[in-house]
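The structure under discussion appears below in the form of structure tokens.
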Amino acid sequence: RFQQRHHGIPVRGAEVIVHLDQNNAVVGITESLEPQLNVDPRVAVDEADAITLALDSLARSTVSDPPTAELQVLRRGPVDHLVWRVRIPQMDGTADADIPVRWVSAHTGEVVLAGTDLRHAAGPVTGTGVSNYSGTVDIDVYDDGAGTVIMEDTVRGIATYSAGNTTSSASIVTDSNTHFSASSQAEAVDGHYAAHQFFVFLDHTFGRDGLDGSGGPTYASSLVGSGSVFTVIVDYGYLQAQAAYATGIIYLGDGDGVNYGPMTSTDIVGHELGHGVNEDNAGFLYMDESGALDEHFADVYGAALERYLEGSAADHWNLGEDVYTPGVPGDAIRSMDDPTSDGVSVDHYDDRYTGTLDNGGVHVNSGIGNLAFVLVADGGNHPTDGGTAITGVSFDTALAIWHRAAEHYLTSSATYADARTATRTAARDLYGDGSAELEAVDGAWDLVGVAGASGCHTSLPGSYNYCTPSCPCDDGDGHCSDDTECDGGATCSAD
């Protein structure tokens, strides 16, 4: 074996092997020489400075043994470099343990090449990531054993891509080690972490494998194994304050930079993945009341994931509170316990929107179901209409009832009346006739005006079916009742 040298300096990867037979006759040559090298062998950046520059390029400052440096000639494409090969042991016993190697130009101080000296088998590992909304979290990723860590969770079958603020293409998120700490990776860490935790939540809470109960649905092909994986795409679009679900994939925008931050908070990801559960359970048609139920059940799953991860003290009744106007505390995209606080949603069936906008009010009317769920969980009165207070039966109990109702009793064209029937049946299945749970379900739907309620609901000013006091309504209190609504604030007419 022979090592190629240039002015006495070893050339990286440039060797010759001469093969001899038993009589020492040459029978072959293997070589990887670098011909016509062209690099100044004089050093401008000394060894100590090269080590400092290499350390500065690392994500972690941990050093378990003194770094070492060796002068080499490195050919990268058509360019030859005089470099210091700096080896930095970071074997501290953590999941991030590594031996980074940096090739630092001995002329300019630039890091020309990065790699590792830590050899290990390729496979799934637990890494860490710095997120926008959940701090530093553990994430399941895949180490290819050759210096690249891929944001694919092979246990749950989830891969996370970045669209790079486009809508035309996306690349899987990678790093040179298991610590995804770059600010540009925060949205990916959020999305990957929340998706994994949602799958864990489904498993632990309902014994459900994936969104469809069979480990799926999936979208992109796995990059580290066979088959396909559920796909998370972050940084989708430019200044996009949108998040969306399609079969096997979620799209998460990075916010508009004014009213919305990145759309990757735990509850928003949980909401979008909740649509995937709905797709398999009831398969709601995304329009009118069935579409409102789709949004409502998705909100329930988003709240449930946040509560599962952060405990009962979490602000789980607000959706997207971390995302919406990040500098303004206390507001949210939607509020489940006070739906009308956003100025758009309704909280009573009498006020439901019946026009064509918003696919027939799928977001506007989701507040009806949201409030019913909150009342079953926490009890109390209707926040804008009062009524007889009911006794709540806990979040977990309400969740069990709602999930069973969607899984076993609701169809794609379900209405709110169907939802009342389904949740009553589910409560009876789980807790029996005459139970406090069944009573809470009945009371909650009564308070939000869905089947079984009686009397006129006092709509708030600005609600879709609100009537002014000058409107001669049948009940005499200035508000329309039954199937009538105010026409121009002067008369009541049939719908």
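Within each chain, counting starts at residue 1; across the structure tokens, chains are named A, B, ... in the order shown, with ligands numbered 1 upward in that order.
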Hey, which bits of range 141-224 of chain A sit within 10 Å of range 271-286 of chain A, and for each residue what's the closest pair of atoms and how far apart in Å (one decimal), counting only C-alpha atoms, rows by chain and increasing number, as a Markdown table?
```
| residue | atom | partner | partner_atom | distance |
| --- | --- | --- | --- | --- |
| A:Ala194 | CA | A:Leu273 | CA | 9.6 |
| A:Ala195 | CA | A:Leu273 | CA | 7.6 |
| A:Phe198 | CA | A:Leu273 | CA | 7.6 |
| A:Phe199 | CA | A:Leu273 | CA | 9.1 |
| A:Leu202 | CA | A:Val277 | CA | 9.4 |
| A:Arg208 | CA | A:Val277 | CA | 9.9 |
| A:Gly210 | CA | A:Val277 | CA | 8.5 |
| A:Leu211 | CA | A:Val277 | CA | 4.9 |
| A:Asp212 | CA | A:Asp280 | CA | 5.4 |
| A:Gly213 | CA | A:Asp280 | CA | 8.3 |
| A:Gly216 | CA | A:Gly276 | CA | 9.3 |
| A:Pro217 | CA | A:Gly276 | CA | 8.1 |
```
File of the preceding selection, N, CA and C atoms, as a tab-separated table (two decimals), in the first residue's frame:
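The result, written out as out04.tsv:
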```tsv
chain	number	residue	atom	x	y	z
A	194	ALA	N	-45.51	16.13	16.70
A	194	ALA	CA	-46.95	16.09	16.96
A	194	ALA	C	-47.60	14.91	16.24
A	195	ALA	N	-47.18	14.63	15.01
A	195	ALA	CA	-47.76	13.50	14.29
A	195	ALA	C	-47.46	12.18	15.00
A	198	PHE	N	-49.57	11.96	18.09
A	198	PHE	CA	-50.98	11.68	17.80
A	198	PHE	C	-51.18	10.18	17.56
A	199	PHE	N	-50.26	9.56	16.85
A	199	PHE	CA	-50.37	8.11	16.62
A	199	PHE	C	-50.25	7.36	17.95
A	202	LEU	N	-53.57	7.80	19.85
A	202	LEU	CA	-54.61	6.90	19.34
A	202	LEU	C	-54.41	5.48	19.86
A	208	ARG	N	-55.87	2.03	18.76
A	208	ARG	CA	-56.01	2.22	17.32
A	208	ARG	C	-54.63	2.37	16.68
A	210	GLY	N	-52.67	3.79	13.90
A	210	GLY	CA	-52.75	4.77	12.84
A	210	GLY	C	-54.12	5.41	12.74
A	211	LEU	N	-54.27	6.29	11.77
A	211	LEU	CA	-55.53	7.03	11.63
A	211	LEU	C	-56.66	6.10	11.23
A	212	ASP	N	-56.37	5.08	10.43
A	212	ASP	CA	-57.42	4.20	9.93
A	212	ASP	C	-57.51	2.89	10.69
A	213	GLY	N	-56.73	2.74	11.75
A	213	GLY	CA	-56.77	1.51	12.52
A	213	GLY	C	-55.91	0.40	11.96
A	216	GLY	N	-52.36	3.14	8.68
A	216	GLY	CA	-52.37	4.10	7.58
A	216	GLY	C	-53.32	5.24	7.87
A	217	PRO	N	-53.70	5.96	6.82
A	217	PRO	CA	-53.29	5.82	5.43
A	217	PRO	C	-51.88	6.37	5.21
```
Please provide as a ChimeraX atom specification all residues within 10 Å of His196 in chain A, with the sequence filter that same-chain residues fewer than 2 positions apart are discarded (counting only C-alpha atoms). /A:139-140,153,155-159,191-194,198-201,210
For Asp322 in chain A, list every protein, DNA or RNA residue within 10 Å, evaluated using only C-alpha atoms, and leave out those in the same chain fewer than 2 positions away; present the list as a list in words.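 Surrounding residues, per the criterion: Asn132, Tyr133, Tyr260, Gly261, Pro262, Met263, Thr264, Ser265, Thr266, Asp267, Ile268, Asp315, Asn318, Leu319, Gly320, Tyr324, Thr325, Pro326, Gly327, Val328, Pro329, Gly330, Asp331, Ala332 and Ile333 of chain A.
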Check range 21-232 of chain A with DSSP on the backbone and list each residue it calls helix (DSSP H, G or I), as a PyMOL selection string. chain A and resi 47-56+183-206
When you look at range 366-379 of chain A with a cut-off of 6 Å (counting only C-alpha atoms), what residues show up, excluding the ones that are within fewer than 4 positions of it in the same chain? I need them as a ChimeraX atom specification. /A:292,295-296,336-337,339,345-348,390-395,398,440-441,444-445
How would the residues just picked look written out with C-alpha atoms as an mmCIF file, in the first residue's frame?
```cif
data_model
loop_
_atom_site.group_PDB
_atom_site.id
_atom_site.type_symbol
_atom_site.label_atom_id
_atom_site.label_comp_id
_atom_site.auth_asym_id
_atom_site.auth_seq_id
_atom_site.Cartn_x
_atom_site.Cartn_y
_atom_site.Cartn_z
ATOM 1 C CA ALA A 292 -69.501 20.939 10.427
ATOM 2 C CA GLU A 295 -64.604 20.123 11.735
ATOM 3 C CA HIS A 296 -66.103 19.631 15.187
ATOM 4 C CA MET A 336 -64.620 25.411 21.948
ATOM 5 C CA ASP A 337 -66.041 26.603 25.255
ATOM 6 C CA PRO A 339 -67.506 29.611 20.184
ATOM 7 C CA SER A 345 -68.711 30.774 14.931
ATOM 8 C CA VAL A 346 -72.153 30.038 16.363
ATOM 9 C CA ASP A 347 -72.970 28.185 19.563
ATOM 10 C CA HIS A 348 -76.637 27.251 19.098
ATOM 11 C CA ILE A 390 -75.707 20.457 33.730
ATOM 12 C CA THR A 391 -73.114 18.365 35.543
ATOM 13 C CA GLY A 392 -70.080 17.359 33.511
ATOM 14 C CA VAL A 393 -68.646 13.841 33.471
ATOM 15 C CA SER A 394 -64.949 14.552 32.564
ATOM 16 C CA PHE A 395 -62.997 15.112 29.385
ATOM 17 C CA ALA A 398 -66.793 12.739 26.791
ATOM 18 C CA ALA A 440 -75.031 14.879 30.501
ATOM 19 C CA VAL A 441 -75.197 14.122 26.768
ATOM 20 C CA ALA A 444 -75.665 19.350 26.526
ATOM 21 C CA TRP A 445 -77.512 18.863 23.235
#
```
Could you tell me how far CA of Thr116 in chain A lies from CA of Val11 in chain A, in Å and to one decimal?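 So the answer is 18.5 Å.
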Out of range 15-140 of chain A, which residues get strand (DSSP E) from DSSP, as number ranges by chain? A: 15-20, 26-31, 68-76, 79-87, 100-105, 111-116, 123-130, 136-140
So what do you get for CA of Ser413 in chain A versus CA of Thr384 in chain A, distance-wise? 29.0 Å
Can you tell me, as a VMD selection string, what residues are no more than 12 Å from Thr52 in chain A when counting only C-alpha atoms, ignoring any on the same chain fewer than 6 positions away? chain A and resid 45 to 46 58 61 66 to 69 84 86 to 88 102 104 109 to 111
Pick out the closest residue to Thr425 in chain A from this set: A:Leu74, A:Ala303, A:Asp446, A:Ile401. Count only C-alpha atoms.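 Using only C-alpha atoms, the shortest distance to Thr425 in chain A belongs to A:Ile401.
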From A:Val141, A:Ala451, A:Leu252, A:Val27, residue lying nearest Asp175 in chain A [only C-alpha atoms]: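 Using only C-alpha atoms, the shortest distance to Asp175 in chain A belongs to A:Val141.
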Which residues of range 60-172 of chain A come within 12 Å of range 224-232 of chain A, and for each one, what is the closest pair of atoms and their distance in Å to one decimal, counting only C-alpha atoms, sorted by chain and residue number, as a tab-separated table?
```
residue	atom	partner	partner_atom	distance
A:Ala122	CA	A:Val224	CA	9.6
A:Gly123	CA	A:Val224	CA	8.6
A:Pro124	CA	A:Val224	CA	9.4
A:Val141	CA	A:Val224	CA	10.4
A:Tyr142	CA	A:Val224	CA	7.6
A:Asp143	CA	A:Val224	CA	9.2
A:Asp144	CA	A:Val224	CA	8.0
A:Gly145	CA	A:Val224	CA	11.5
A:Thr148	CA	A:Val224	CA	11.6
A:Val149	CA	A:Val224	CA	10.6
A:Ile150	CA	A:Val224	CA	8.5
A:Met151	CA	A:Val224	CA	10.2
A:Glu152	CA	A:Val224	CA	7.9
A:Asp153	CA	A:Val229	CA	8.8
A:Thr154	CA	A:Val224	CA	8.1
A:Val155	CA	A:Val229	CA	10.4
A:Arg156	CA	A:Val229	CA	8.5
A:Gly157	CA	A:Val229	CA	4.9
A:Ile158	CA	A:Phe230	CA	4.7
A:Ala159	CA	A:Thr231	CA	5.1
A:Thr160	CA	A:Val232	CA	4.6
A:Tyr161	CA	A:Val232	CA	6.1
A:Ser162	CA	A:Val232	CA	8.4
A:Ala163	CA	A:Val232	CA	10.1
A:Ala170	CA	A:Val232	CA	10.2
A:Ser171	CA	A:Val232	CA	10.9
A:Ile172	CA	A:Val232	CA	9.5
```
Produce a file of the selected residues containing N, CA, C and O atoms, as a short mmCIF file (atom, residue, chain, number, x, y, z; two decimals), in the first residue's frame.
```cif
data_model
loop_
_atom_site.label_atom_id
_atom_site.label_comp_id
_atom_site.auth_asym_id
_atom_site.auth_seq_id
_atom_site.Cartn_x
_atom_site.Cartn_y
_atom_site.Cartn_z
N ALA A 122 -26.88 1.24 10.63
CA ALA A 122 -28.02 2.07 10.25
C ALA A 122 -29.28 1.55 10.93
O ALA A 122 -29.42 0.35 11.19
N GLY A 123 -30.20 2.46 11.20
CA GLY A 123 -31.45 2.02 11.79
C GLY A 123 -32.17 3.15 12.50
O GLY A 123 -31.69 4.28 12.57
N PRO A 124 -33.37 2.84 13.03
CA PRO A 124 -34.14 3.86 13.75
C PRO A 124 -33.46 4.23 15.05
O PRO A 124 -32.93 3.39 15.76
N VAL A 141 -36.29 9.12 14.47
CA VAL A 141 -35.70 9.38 13.16
C VAL A 141 -34.91 8.14 12.73
O VAL A 141 -34.86 7.14 13.44
N TYR A 142 -34.27 8.24 11.57
CA TYR A 142 -33.52 7.10 11.02
C TYR A 142 -32.10 7.55 10.68
O TYR A 142 -31.91 8.51 9.94
N ASP A 143 -31.12 6.83 11.23
CA ASP A 143 -29.72 7.11 10.95
C ASP A 143 -29.25 6.13 9.88
O ASP A 143 -29.33 4.91 10.06
N ASP A 144 -28.76 6.65 8.75
CA ASP A 144 -28.36 5.76 7.66
C ASP A 144 -26.98 5.16 7.87
O ASP A 144 -26.51 4.37 7.03
N GLY A 145 -26.32 5.50 8.98
CA GLY A 145 -25.02 4.93 9.27
C GLY A 145 -23.89 5.51 8.45
O GLY A 145 -22.74 5.08 8.58
N THR A 148 -25.88 10.66 7.67
CA THR A 148 -27.12 11.39 7.43
C THR A 148 -28.23 10.81 8.29
O THR A 148 -28.45 9.60 8.32
N VAL A 149 -28.91 11.70 9.01
CA VAL A 149 -30.06 11.31 9.83
C VAL A 149 -31.32 11.84 9.15
O VAL A 149 -31.41 13.02 8.83
N ILE A 150 -32.26 10.95 8.90
CA ILE A 150 -33.45 11.24 8.09
C ILE A 150 -34.67 11.33 9.00
O ILE A 150 -34.87 10.48 9.87
N MET A 151 -35.51 12.34 8.79
CA MET A 151 -36.68 12.54 9.63
C MET A 151 -37.82 11.60 9.18
O MET A 151 -38.85 12.02 8.70
N GLU A 152 -37.54 10.31 9.34
CA GLU A 152 -38.56 9.30 9.09
C GLU A 152 -38.67 8.41 10.33
O GLU A 152 -37.67 7.88 10.82
N ASP A 153 -39.87 8.26 10.81
CA ASP A 153 -40.18 7.44 11.98
C ASP A 153 -40.60 6.07 11.47
O ASP A 153 -41.72 5.89 10.97
N THR A 154 -39.71 5.09 11.57
CA THR A 154 -40.00 3.78 11.01
C THR A 154 -40.93 2.96 11.90
O THR A 154 -41.50 1.96 11.45
N VAL A 155 -41.08 3.35 13.16
CA VAL A 155 -41.95 2.61 14.07
C VAL A 155 -43.41 2.94 13.78
O VAL A 155 -44.26 2.04 13.64
N ARG A 156 -43.72 4.23 13.65
CA ARG A 156 -45.10 4.64 13.39
C ARG A 156 -45.39 4.87 11.91
O ARG A 156 -46.54 5.06 11.52
N GLY A 157 -44.34 4.88 11.10
CA GLY A 157 -44.54 5.06 9.66
C GLY A 157 -44.89 6.49 9.29
O GLY A 157 -45.90 6.74 8.63
N ILE A 158 -44.04 7.44 9.71
CA ILE A 158 -44.28 8.86 9.46
C ILE A 158 -42.99 9.48 8.92
O ILE A 158 -41.91 9.26 9.48
N ALA A 159 -43.10 10.25 7.85
CA ALA A 159 -41.94 10.97 7.32
C ALA A 159 -42.30 12.43 7.17
O ALA A 159 -43.42 12.77 6.79
N THR A 160 -41.34 13.31 7.46
CA THR A 160 -41.59 14.75 7.42
C THR A 160 -40.70 15.41 6.38
O THR A 160 -39.49 15.24 6.37
N TYR A 161 -41.36 16.19 5.52
CA TYR A 161 -40.72 16.87 4.41
C TYR A 161 -40.87 18.39 4.59
O TYR A 161 -41.80 18.86 5.26
N SER A 162 -40.00 19.14 3.95
CA SER A 162 -40.14 20.59 3.85
C SER A 162 -40.37 20.96 2.40
O SER A 162 -39.65 20.49 1.51
N ALA A 163 -41.39 21.80 2.17
CA ALA A 163 -41.66 22.29 0.82
C ALA A 163 -40.85 23.53 0.50
O ALA A 163 -40.95 24.06 -0.62
N ALA A 170 -41.10 19.04 -2.49
CA ALA A 170 -40.71 18.94 -1.08
C ALA A 170 -39.58 17.94 -0.95
O ALA A 170 -39.47 16.99 -1.73
N SER A 171 -38.72 18.17 0.05
CA SER A 171 -37.58 17.28 0.31
C SER A 171 -37.64 16.82 1.76
O SER A 171 -37.97 17.61 2.66
N ILE A 172 -37.32 15.56 1.97
CA ILE A 172 -37.34 15.05 3.34
C ILE A 172 -36.29 15.79 4.17
O ILE A 172 -35.23 16.18 3.66
#
```
Residues within 12 Å of Ala97 in chain A, only C-alpha atoms, excluding chain neighbours under 4 positions, as number ranges by chain: A: 59-64, 88-93, 116-120, 126-128, 177-179
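Between Ser57 in chain A and the candidates A:Gly115, A:Val125, A:Phe206, A:Asp429, the tightest atom-to-atom separation, counting only C-alpha atoms, involves A:Gly115.
The residue set within 9 Å of Arg424 in chain A, counting only C-alpha atoms and dropping same-chain residues fewer than 6 places from it, reads Ile401, Ala405, Glu437, Leu438, Glu439, Val441 and Asp442 of chain A.
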N, CA, C and O atoms of the current selection, written as a compact mmCIF listing (two decimals), in the first residue's frame:
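Below is the file again_32.txt, written as the result:
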```
# COMPACT_ATOMS: atom_id res chain seq x y z
N ILE A 401 -67.12 8.74 24.58
CA ILE A 401 -68.47 8.73 23.98
C ILE A 401 -68.40 9.23 22.54
O ILE A 401 -68.97 8.61 21.62
N ALA A 405 -69.17 7.14 19.10
CA ALA A 405 -70.27 7.58 18.25
C ALA A 405 -69.82 7.69 16.80
O ALA A 405 -70.52 7.24 15.88
N GLU A 437 -73.75 9.91 32.64
CA GLU A 437 -73.14 10.23 31.35
C GLU A 437 -74.20 10.47 30.28
O GLU A 437 -74.10 11.42 29.49
N LEU A 438 -75.20 9.61 30.23
CA LEU A 438 -76.29 9.78 29.26
C LEU A 438 -77.07 11.06 29.56
O LEU A 438 -77.44 11.80 28.64
N GLU A 439 -77.27 11.33 30.82
CA GLU A 439 -77.97 12.56 31.21
C GLU A 439 -77.18 13.79 30.78
O GLU A 439 -77.77 14.79 30.32
N VAL A 441 -75.09 14.01 28.23
CA VAL A 441 -75.20 14.12 26.77
C VAL A 441 -76.52 14.76 26.39
O VAL A 441 -76.58 15.69 25.57
N ASP A 442 -77.62 14.30 26.98
CA ASP A 442 -78.94 14.88 26.68
C ASP A 442 -78.98 16.35 27.04
O ASP A 442 -79.45 17.19 26.27
```
